[in-house]
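Dumped work-v3.csv below, it's CSV, C-alpha atoms and all ligand atoms:
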chain,number,residue,atom,x,y,z
Z,1,MET,CA,-54.5,-54.4,34.9
Z,2,ALA,CA,-54.5,-53.6,31.2
Z,3,ALA,CA,-56.8,-50.5,31.6
Z,4,HIS,CA,-54.4,-49.1,34.2
Z,5,ALA,CA,-51.4,-49.7,32.0
Z,6,ASP,CA,-53.2,-47.9,29.1
Z,7,GLN,CA,-53.9,-45.0,31.3
Z,8,LEU,CA,-50.3,-44.6,32.1
Z,9,THR,CA,-49.2,-44.7,28.4
Z,10,GLY,CA,-48.1,-41.2,27.3
Z,11,GLY,CA,-47.7,-39.8,30.8
Z,12,VAL,CA,-44.6,-38.4,32.4
Z,13,ARG,CA,-43.0,-39.5,35.6
Z,14,ILE,CA,-40.0,-37.6,37.1
Z,15,GLU,CA,-38.5,-38.8,40.4
Z,16,GLN,CA,-35.7,-37.1,42.3
Z,17,LEU,CA,-34.4,-35.2,39.3
Z,18,THR,CA,-31.4,-33.1,40.0
Z,19,ARG,CA,-29.4,-30.7,37.8
Z,20,ARG,CA,-26.3,-28.9,38.9
Z,21,PHE,CA,-24.2,-26.4,37.1
Z,22,GLY,CA,-20.9,-26.4,38.9
Z,23,ALA,CA,-21.6,-25.7,42.5
Z,24,LYS,CA,-25.1,-24.4,41.8
Z,25,THR,CA,-28.0,-26.8,42.2
Z,26,VAL,CA,-30.7,-25.6,39.9
Z,27,LEU,CA,-33.1,-28.5,40.2
Z,28,ASP,CA,-33.0,-30.3,43.5
Z,29,ARG,CA,-34.6,-33.8,43.6
Z,30,ILE,CA,-37.7,-32.8,41.7
Z,31,ASP,CA,-40.7,-35.2,41.7
Z,32,LEU,CA,-43.4,-34.5,39.1
Z,33,ASP,CA,-46.0,-36.7,37.3
Z,34,ILE,CA,-48.0,-35.5,34.4
Z,35,ALA,CA,-51.0,-37.6,33.4
Z,36,PRO,CA,-51.7,-38.4,29.8
Z,37,GLY,CA,-53.6,-35.4,28.3
Z,38,GLU,CA,-52.9,-33.2,31.2
Z,39,PHE,CA,-52.0,-29.5,30.5
Z,40,VAL,CA,-49.4,-28.3,33.0
Z,41,ALA,CA,-48.0,-24.8,33.1
Z,42,LEU,CA,-44.6,-24.2,34.7
Z,43,LEU,CA,-44.1,-20.9,36.3
Z,44,GLY,CA,-41.1,-19.5,38.2
Z,45,ARG,CA,-38.9,-16.5,38.5
Z,46,SER,CA,-36.2,-15.9,35.9
Z,47,GLY,CA,-33.4,-18.4,36.5
Z,48,SER,CA,-35.5,-20.8,38.6
Z,49,GLY,CA,-34.8,-23.7,36.2
Z,50,LYS,CA,-37.9,-23.9,34.0
Z,51,SER,CA,-36.0,-24.3,30.8
Z,52,THR,CA,-33.6,-26.6,32.4
Z,53,LEU,CA,-36.4,-28.9,33.4
Z,54,LEU,CA,-38.0,-28.7,30.0
Z,55,ARG,CA,-34.7,-29.5,28.3
Z,56,ALA,CA,-34.3,-32.6,30.5
Z,57,LEU,CA,-37.7,-33.8,29.5
Z,58,ALA,CA,-36.9,-33.1,25.8
Z,59,GLY,CA,-33.9,-35.3,26.1
Z,60,LEU,CA,-31.7,-32.4,25.3
Z,61,ASP,CA,-29.7,-32.6,28.5
Z,62,HIS,CA,-27.6,-35.6,29.1
Z,63,GLU,CA,-26.2,-34.5,32.4
Z,64,VAL,CA,-29.3,-34.5,34.5
Z,65,ALA,CA,-29.0,-36.9,37.5
Z,66,GLY,CA,-31.8,-38.8,39.1
Z,67,SER,CA,-31.9,-41.5,41.7
Z,68,GLY,CA,-35.5,-42.3,40.6
Z,69,GLU,CA,-37.4,-42.9,37.5
Z,70,LEU,CA,-37.5,-40.6,34.5
Z,71,ARG,CA,-40.3,-41.9,32.3
Z,72,ILE,CA,-41.1,-39.9,29.2
Z,73,PRO,CA,-43.3,-41.0,26.3
Z,74,GLY,CA,-41.9,-42.1,23.0
Z,75,ARG,CA,-43.4,-39.3,20.9
Z,76,VAL,CA,-42.3,-35.9,22.2
Z,77,SER,CA,-42.5,-32.5,20.4
Z,78,VAL,CA,-40.9,-29.3,21.5
Z,79,VAL,CA,-41.8,-25.7,20.6
Z,80,PHE,CA,-39.6,-22.8,21.4
Z,81,GLN,CA,-40.1,-19.0,21.6
Z,82,ASP,CA,-38.7,-18.6,18.1
Z,83,SER,CA,-40.2,-20.9,15.5
Z,84,ARG,CA,-36.8,-22.4,14.4
Z,85,LEU,CA,-38.0,-23.0,10.9
Z,86,LEU,CA,-35.4,-23.8,8.3
Z,87,PRO,CA,-35.4,-20.7,6.0
Z,88,TRP,CA,-34.3,-22.7,2.9
Z,89,ARG,CA,-37.3,-25.1,3.1
Z,90,ARG,CA,-40.8,-24.3,2.2
Z,91,VAL,CA,-43.5,-24.3,4.9
Z,92,LEU,CA,-44.9,-27.7,4.2
Z,93,ASP,CA,-41.4,-29.3,4.1
Z,94,ASN,CA,-40.6,-27.6,7.5
Z,95,VAL,CA,-43.8,-29.2,9.0
Z,96,ILE,CA,-43.0,-32.7,7.9
Z,97,LEU,CA,-39.3,-32.5,8.5
Z,98,GLY,CA,-38.2,-35.8,10.1
Z,99,LEU,CA,-41.7,-37.3,9.9
Z,100,ARG,CA,-41.3,-40.8,8.5
Z,101,ALA,CA,-44.8,-41.8,7.3
Z,102,PRO,CA,-46.0,-42.7,3.9
Z,103,ASP,CA,-48.7,-40.1,4.1
Z,104,ALA,CA,-46.4,-37.4,5.5
Z,105,ARG,CA,-47.3,-34.7,3.0
Z,106,GLN,CA,-51.1,-35.3,3.5
Z,107,ARG,CA,-50.6,-35.1,7.2
Z,108,GLY,CA,-48.6,-31.9,6.8
Z,109,VAL,CA,-51.3,-30.3,4.7
Z,110,GLU,CA,-53.9,-31.2,7.3
Z,111,ALA,CA,-51.8,-29.9,10.1
Z,112,LEU,CA,-51.3,-26.6,8.3
Z,113,ALA,CA,-55.1,-26.4,7.8
Z,114,GLU,CA,-55.6,-27.0,11.5
Z,115,VAL,CA,-53.5,-24.0,12.4
Z,116,GLY,CA,-55.2,-21.8,9.9
Z,117,LEU,CA,-52.6,-21.8,7.2
Z,118,ALA,CA,-54.3,-23.8,4.4
Z,119,GLY,CA,-52.9,-22.8,1.1
Z,120,ARG,CA,-49.5,-21.6,2.4
Z,121,GLU,CA,-47.7,-24.9,2.0
Z,122,ARG,CA,-45.3,-23.6,-0.7
Z,123,ALA,CA,-44.5,-20.3,1.0
Z,124,TRP,CA,-41.0,-19.7,2.4
Z,125,PRO,CA,-40.8,-19.0,6.2
Z,126,ASN,CA,-39.6,-15.4,5.7
Z,127,GLN,CA,-42.9,-14.7,3.8
Z,128,LEU,CA,-44.8,-15.3,7.0
Z,129,SER,CA,-45.4,-13.0,10.0
Z,130,GLY,CA,-44.0,-14.0,13.4
Z,131,GLY,CA,-47.4,-15.3,14.5
Z,132,GLU,CA,-47.8,-17.3,11.3
Z,133,GLN,CA,-44.3,-18.8,11.8
Z,134,GLN,CA,-45.3,-19.9,15.3
Z,135,ARG,CA,-48.4,-21.5,13.8
Z,136,VAL,CA,-46.1,-23.5,11.5
Z,137,ALA,CA,-44.1,-24.5,14.5
Z,138,LEU,CA,-47.3,-25.7,16.2
Z,139,ALA,CA,-48.3,-27.6,13.1
Z,140,ARG,CA,-44.8,-29.2,13.0
Z,141,SER,CA,-45.1,-30.2,16.7
Z,142,LEU,CA,-48.5,-31.8,16.2
Z,143,VAL,CA,-48.0,-33.6,12.9
Z,144,GLY,CA,-46.2,-36.5,14.6
Z,145,ASP,CA,-49.1,-36.9,17.0
Z,146,PRO,CA,-47.1,-36.3,20.2
Z,147,GLU,CA,-48.0,-37.9,23.5
Z,148,LEU,CA,-46.1,-35.0,25.2
Z,149,LEU,CA,-45.8,-31.5,24.0
Z,150,LEU,CA,-43.1,-29.3,25.6
Z,151,ALA,CA,-43.4,-25.6,25.0
Z,152,ASP,CA,-40.9,-23.1,26.2
Z,153,GLU,CA,-42.4,-19.6,26.1
Z,154,PRO,CA,-43.9,-20.3,22.7
Z,155,PHE,CA,-45.8,-16.9,22.6
Z,156,GLY,CA,-43.2,-14.8,24.3
Z,157,ALA,CA,-42.2,-12.9,21.2
Z,158,LEU,CA,-45.7,-12.2,19.9
Z,159,ASP,CA,-47.9,-9.1,20.3
Z,160,ALA,CA,-50.8,-9.2,22.8
Z,161,LEU,CA,-53.5,-9.7,20.2
Z,162,THR,CA,-51.7,-12.5,18.4
Z,163,ARG,CA,-51.0,-14.1,21.7
Z,164,ILE,CA,-54.7,-14.3,22.6
Z,165,ARG,CA,-55.5,-15.9,19.2
Z,166,MET,CA,-52.6,-18.3,19.7
Z,167,HIS,CA,-54.0,-19.2,23.2
Z,168,ASP,CA,-57.3,-20.1,21.7
Z,169,LEU,CA,-55.6,-22.1,18.9
Z,170,LEU,CA,-53.4,-24.0,21.4
Z,171,ARG,CA,-56.4,-24.9,23.6
Z,172,ALA,CA,-58.3,-26.1,20.6
Z,173,LEU,CA,-55.4,-28.2,19.3
Z,174,CYS,CA,-54.8,-29.8,22.7
Z,175,LYS,CA,-58.4,-30.6,23.1
Z,176,ARG,CA,-58.4,-32.4,19.8
Z,177,HIS,CA,-55.0,-34.2,20.0
Z,178,GLN,CA,-54.9,-34.7,23.8
Z,179,PRO,CA,-51.1,-34.6,24.3
Z,180,ALA,CA,-49.8,-34.1,27.8
Z,181,VAL,CA,-48.4,-30.6,27.8
Z,182,LEU,CA,-45.7,-28.8,29.8
Z,183,LEU,CA,-45.8,-25.1,29.0
Z,184,VAL,CA,-43.1,-22.9,30.4
Z,185,THR,CA,-44.3,-19.3,30.8
Z,186,HIS,CA,-43.5,-16.1,32.7
Z,187,ASP,CA,-47.1,-15.0,32.4
Z,188,VAL,CA,-49.4,-15.9,35.2
Z,189,ASP,CA,-52.6,-15.0,33.3
Z,190,GLU,CA,-51.4,-17.2,30.4
Z,191,ALA,CA,-50.9,-20.1,32.8
Z,192,VAL,CA,-54.3,-19.8,34.4
Z,193,GLN,CA,-56.0,-19.3,31.0
Z,194,LEU,CA,-54.5,-22.4,29.4
Z,195,ALA,CA,-53.5,-25.0,32.0
Z,196,ASP,CA,-55.4,-27.5,34.1
Z,197,ARG,CA,-52.6,-27.4,36.6
Z,198,ILE,CA,-49.9,-24.9,37.4
Z,199,VAL,CA,-46.6,-25.8,39.0
Z,200,VAL,CA,-44.2,-23.1,40.5
Z,201,LEU,CA,-40.5,-23.7,40.6
Z,202,ASP,CA,-38.6,-21.9,43.3
Z,203,GLY,CA,-35.1,-22.5,44.8
Z,204,GLY,CA,-34.8,-25.9,43.0
Z,205,HIS,CA,-38.1,-27.2,44.4
Z,206,ILE,CA,-41.7,-27.2,43.4
Z,207,SER,CA,-43.2,-24.6,45.8
Z,208,LEU,CA,-46.8,-24.8,44.6
Z,209,ASP,CA,-48.8,-27.3,42.6
Z,210,LEU,CA,-52.1,-25.8,41.9
Z,211,ARG,CA,-55.2,-27.3,40.2
Z,212,PRO,CA,-57.6,-24.3,39.9
Z,213,GLY,CA,-60.5,-26.5,38.7
Z,214,LEU,CA,-61.7,-23.8,36.3
Z,215,PRO,CA,-64.3,-24.5,33.5
Z,216,GLU,CA,-63.1,-25.1,30.0
Z,217,SER,CA,-64.3,-21.6,29.0
Z,218,ARG,CA,-62.8,-19.2,31.4
Z,219,SER,CA,-62.3,-15.5,31.8
Z,220,PRO,CA,-59.9,-13.4,33.9
Z,221,ARG,CA,-63.0,-11.8,35.4
Z,222,ASP,CA,-64.2,-15.1,37.1
Z,223,PRO,CA,-63.6,-15.2,40.8
Z,224,GLY,CA,-61.9,-18.6,40.5
Z,225,PHE,CA,-59.5,-17.1,37.9
Z,226,GLN,CA,-58.6,-14.2,40.2
Z,227,GLU,CA,-58.1,-16.5,43.2
Z,228,ALA,CA,-55.7,-18.7,41.2
Z,229,ARG,CA,-53.9,-15.6,40.0
Z,230,GLU,CA,-53.4,-14.2,43.5
Z,231,LEU,CA,-52.1,-17.5,44.8
Z,232,LEU,CA,-49.6,-17.7,42.0
Z,233,LEU,CA,-48.4,-14.1,42.3
Z,234,LYS,CA,-47.9,-14.8,46.0
Z,235,ALA,CA,-45.9,-17.9,45.3
Z,236,LEU,CA,-43.8,-15.9,42.9
Z,237,GLY,CA,-43.2,-13.2,45.5
Z,238,VAL,CA,-45.1,-10.6,43.6
Z,239,SER,CA,-47.7,-8.6,45.4
Z,240,GLU,CA,-50.1,-6.5,43.3
U,301,LIG,N1,-25.4,-24.6,30.4
U,301,LIG,C1,-25.4,-23.9,31.5
U,301,LIG,N2,-24.3,-23.7,32.2
U,301,LIG,C2,-24.3,-23.0,33.4
U,301,LIG,N3,-25.4,-22.6,34.0
U,301,LIG,C3,-26.6,-22.7,33.4
U,301,LIG,C4,-26.7,-23.4,32.1
U,301,LIG,N4,-28.0,-23.5,31.7
U,301,LIG,C5,-28.7,-22.9,32.7
U,301,LIG,N5,-27.8,-22.4,33.7
U,301,LIG,C6,-28.2,-21.7,34.9
U,301,LIG,O1,-29.3,-22.4,35.5
U,301,LIG,C7,-30.2,-21.5,36.1
U,301,LIG,C8,-31.6,-21.8,35.5
U,301,LIG,O2,-31.6,-21.5,34.2
U,301,LIG,P1,-33.0,-21.7,33.3
U,301,LIG,O3,-32.7,-21.2,31.9
U,301,LIG,O4,-33.5,-23.1,33.4
U,301,LIG,O5,-34.0,-20.8,34.1
U,301,LIG,P2,-35.4,-20.3,33.6
U,301,LIG,O6,-36.3,-20.4,34.8
U,301,LIG,O7,-35.9,-20.9,32.4
U,301,LIG,O8,-35.1,-18.7,33.4
U,301,LIG,P3,-35.9,-17.7,32.4
U,301,LIG,O9,-37.2,-17.5,33.0
U,301,LIG,O10,-35.1,-16.4,32.6
U,301,LIG,O11,-35.8,-18.2,31.0
U,301,LIG,C9,-29.8,-20.1,35.7
U,301,LIG,O12,-29.1,-19.6,36.9
U,301,LIG,C10,-28.8,-20.3,34.6
U,301,LIG,O13,-27.8,-19.4,34.6
Render the structure in this file as structure tokens.
Ligand SMILES: Nc1ncnc2c1ncn2[C@@H]1O[C@H](COP(=O)(O)OP(=O)(O)OP(=O)(O)O)[C@@H](O)[C@H]1O
Amino acid sequence: MAAHADQLTGGVRIEQLTRRFGAKTVLDRIDLDIAPGEFVALLGRSGSGKSTLLRALAGLDHEVAGSGELRIPGRVSVVFQDSRLLPWRRVLDNVILGLRAPDARQRGVEALAEVGLAGRERAWPNQLSGGEQQRVALARSLVGDPELLLADEPFGALDALTRIRMHDLLRALCKRHQPAVLLVTHDVDEAVQLADRIVVLDGGHISLDLRPGLPESRSPRDPGFQEARELLLKALGVSE
């Protein structure tokens, strides 16, 4: 059915994905589907394989093995903890790097406006604060209209206040552009604040797949938020 096929466009399907480093199995026959437009946070202890999974989805790891399907959309963007801007290119040129479209500059200008950096097109990356550089990285990730956005601790290096502002920005951008998202984070509150669904990796497996069902506007004080938080901390082996 055509409608069904359309629904599947842009989603992710991972079946039986395995990654070993020498004798160590970091990902052990992982199954994970992400629906188009779904926002998934990936939690797990340090070394549990979060970045390894993200790298596999980003196509940066050619040694992953899988006996099943690995279906990833055509337009994928990746954001890392550091903005990875090219210091010798101006902000706008960083945003549209690799974008092959006749209206690339216009799209870049619009993306910068969306992340609150209108007027900074000609600045050099080192003239921006860390938070602003991450905004540029977000603009760059969205300018190609991705079906899948992969983010590896994108706010990990930012101060607490900037983080909160970036959370609001990311939510707004995702609502508007509707990519599927896989966000790797260490931060349980960040995961509950941002995601529709939270997956915990442990011992090479998905140990919890949680859909808290919280409203769009949510607060850590809500009982549902606290309940999700407690379940996740328990799954991570942390008791408060
Ligand atoms: N290229 C590599 N060669 C050997 N081992 C690796 C390689 N990349 C990752 N590993 C190992 O795989 C395991 C998972 O690493 P990964 O970076 O995916 O964990 P993570 O959950 O993202 O950790 P963190 O939260 O600390 O960033 C770790 O034990 C790591 O040492």
Using all atoms listed in the file, which of the listed residues (Z:Pro179, Z:Gly98, Z:Pro146, Z:Gly131) sits closest to Asp159 (chain Z)?
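The closest residue to Asp159 (chain Z) is Z:Gly131.
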Near-Gln16 (chain Z) list (9 Å; only C-alpha atoms; drop same-chain fewer than 5 positions) as number ranges by chain
Z: 28-32, 65-70
Ligand LIG 301 (chain U): which residues are within 12 Å, counting all atoms listed in the file? Reply as JSON, numbers by chain.
{"Z": [18, 19, 20, 21, 22, 23, 24, 25, 26, 27, 28, 42, 43, 44, 45, 46, 47, 48, 49, 50, 51, 52, 53, 54, 55, 56, 60, 61, 62, 63, 64, 80, 81, 151, 152, 153, 154, 156, 183, 184, 185, 186, 187, 200, 201, 202, 203, 204, 205, 236]}
Between CA of Arg229 (chain Z) and CA of Ile164 (chain Z), distance in Å (one decimal)
17.5 Å
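Among the candidates Z:Ala58, Z:Leu97, Z:Gln106, Z:Gln134, the one nearest to Ser83 (chain Z) when counting all atoms listed in the file is Z:Gln134.
Taking CA of Ser77 (chain Z) and CA of Ala180 (chain Z) as endpoints, the distance between them is 10.5 Å.
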I'd like to know which of Z:Ala172, Z:Leu57, Z:Leu138, Z:Leu92 is closest to Pro125 (chain Z), using all atoms listed in the file.
Z:Leu92
Please report, as lines of an AutoDock Vina configuration file, the centre and edge lengths in Å to one decimal of an axis-aligned box covering all listed atoms of region 67-73 of chain Z with 4 Å per side.
center_x = -37.6
center_y = -41.4
center_z = 34.0
size_x = 19.4
size_y = 11.0
size_z = 23.4
Nearest to Arg71 (chain Z): which of Z:Leu233, Z:Val136, Z:Ile198, Z:Ile34 is it, counting all atoms listed in the file?
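The answer is Z:Ile34, which sits nearest to Arg71 (chain Z).
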Between CA of Pro73 (chain Z) and CA of Ala113 (chain Z), what is the distance, to one decimal in Å?
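Atom-to-atom, CA of Pro73 (chain Z) and CA of Ala113 (chain Z) are spaced 26.4 Å apart.
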Please identify all polymer residues lying at most 9 Å from the point (-46.0, -38.7, 20.2) (file coordinates), using all atoms listed in the file, and present the result as a list in words.
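Returned residue set, sorted by chain then number, is Gly10, Pro73, Gly74, Arg75, Val76, Ser77, Leu142, Gly144, Asp145, Pro146, Glu147, Leu148, Leu149 and Pro179 of chain Z.
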Written selection (C-alpha atoms) as a short mmCIF file (atom, residue, chain, number, x, y, z; two decimals), in the coordinates of the input:
data_model
loop_
_atom_site.label_atom_id
_atom_site.label_comp_id
_atom_site.auth_asym_id
_atom_site.auth_seq_id
_atom_site.Cartn_x
_atom_site.Cartn_y
_atom_site.Cartn_z
CA GLY Z 10 -48.10 -41.20 27.30
CA PRO Z 73 -43.30 -41.00 26.30
CA GLY Z 74 -41.90 -42.10 23.00
CA ARG Z 75 -43.40 -39.30 20.90
CA VAL Z 76 -42.30 -35.90 22.20
CA SER Z 77 -42.50 -32.50 20.40
CA LEU Z 142 -48.50 -31.80 16.20
CA GLY Z 144 -46.20 -36.50 14.60
CA ASP Z 145 -49.10 -36.90 17.00
CA PRO Z 146 -47.10 -36.30 20.20
CA GLU Z 147 -48.00 -37.90 23.50
CA LEU Z 148 -46.10 -35.00 25.20
CA LEU Z 149 -45.80 -31.50 24.00
CA PRO Z 179 -51.10 -34.60 24.30
#
Quick one: of Z:Ala160, Z:Leu85, Z:Ile72, Z:Leu208, who's nearest to Val181 (chain Z), counting all atoms listed in the file?
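When distances to Val181 (chain Z) are compared using all atoms listed in the file, the smallest one comes from Z:Ile72.
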Mind checking which residues fall within 12 Å of Arg107 (chain Z), counting only C-alpha atoms, ignoring those fewer than 4 positions away in the same chain, and posting them as an MDAnalysis selection string?
chainID Z and resid 92:93 95:97 99:103 111:114 121 139:140 142:145
Calculated over all atoms listed in the file, which of the candidates Z:Gly59, Z:Trp124, Z:Ala35, Z:Gly116 has the smallest distance to Leu86 (chain Z)?
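Between Z:Gly59, Z:Trp124, Z:Ala35, Z:Gly116, the residue approaching Leu86 (chain Z) most closely is Z:Trp124.
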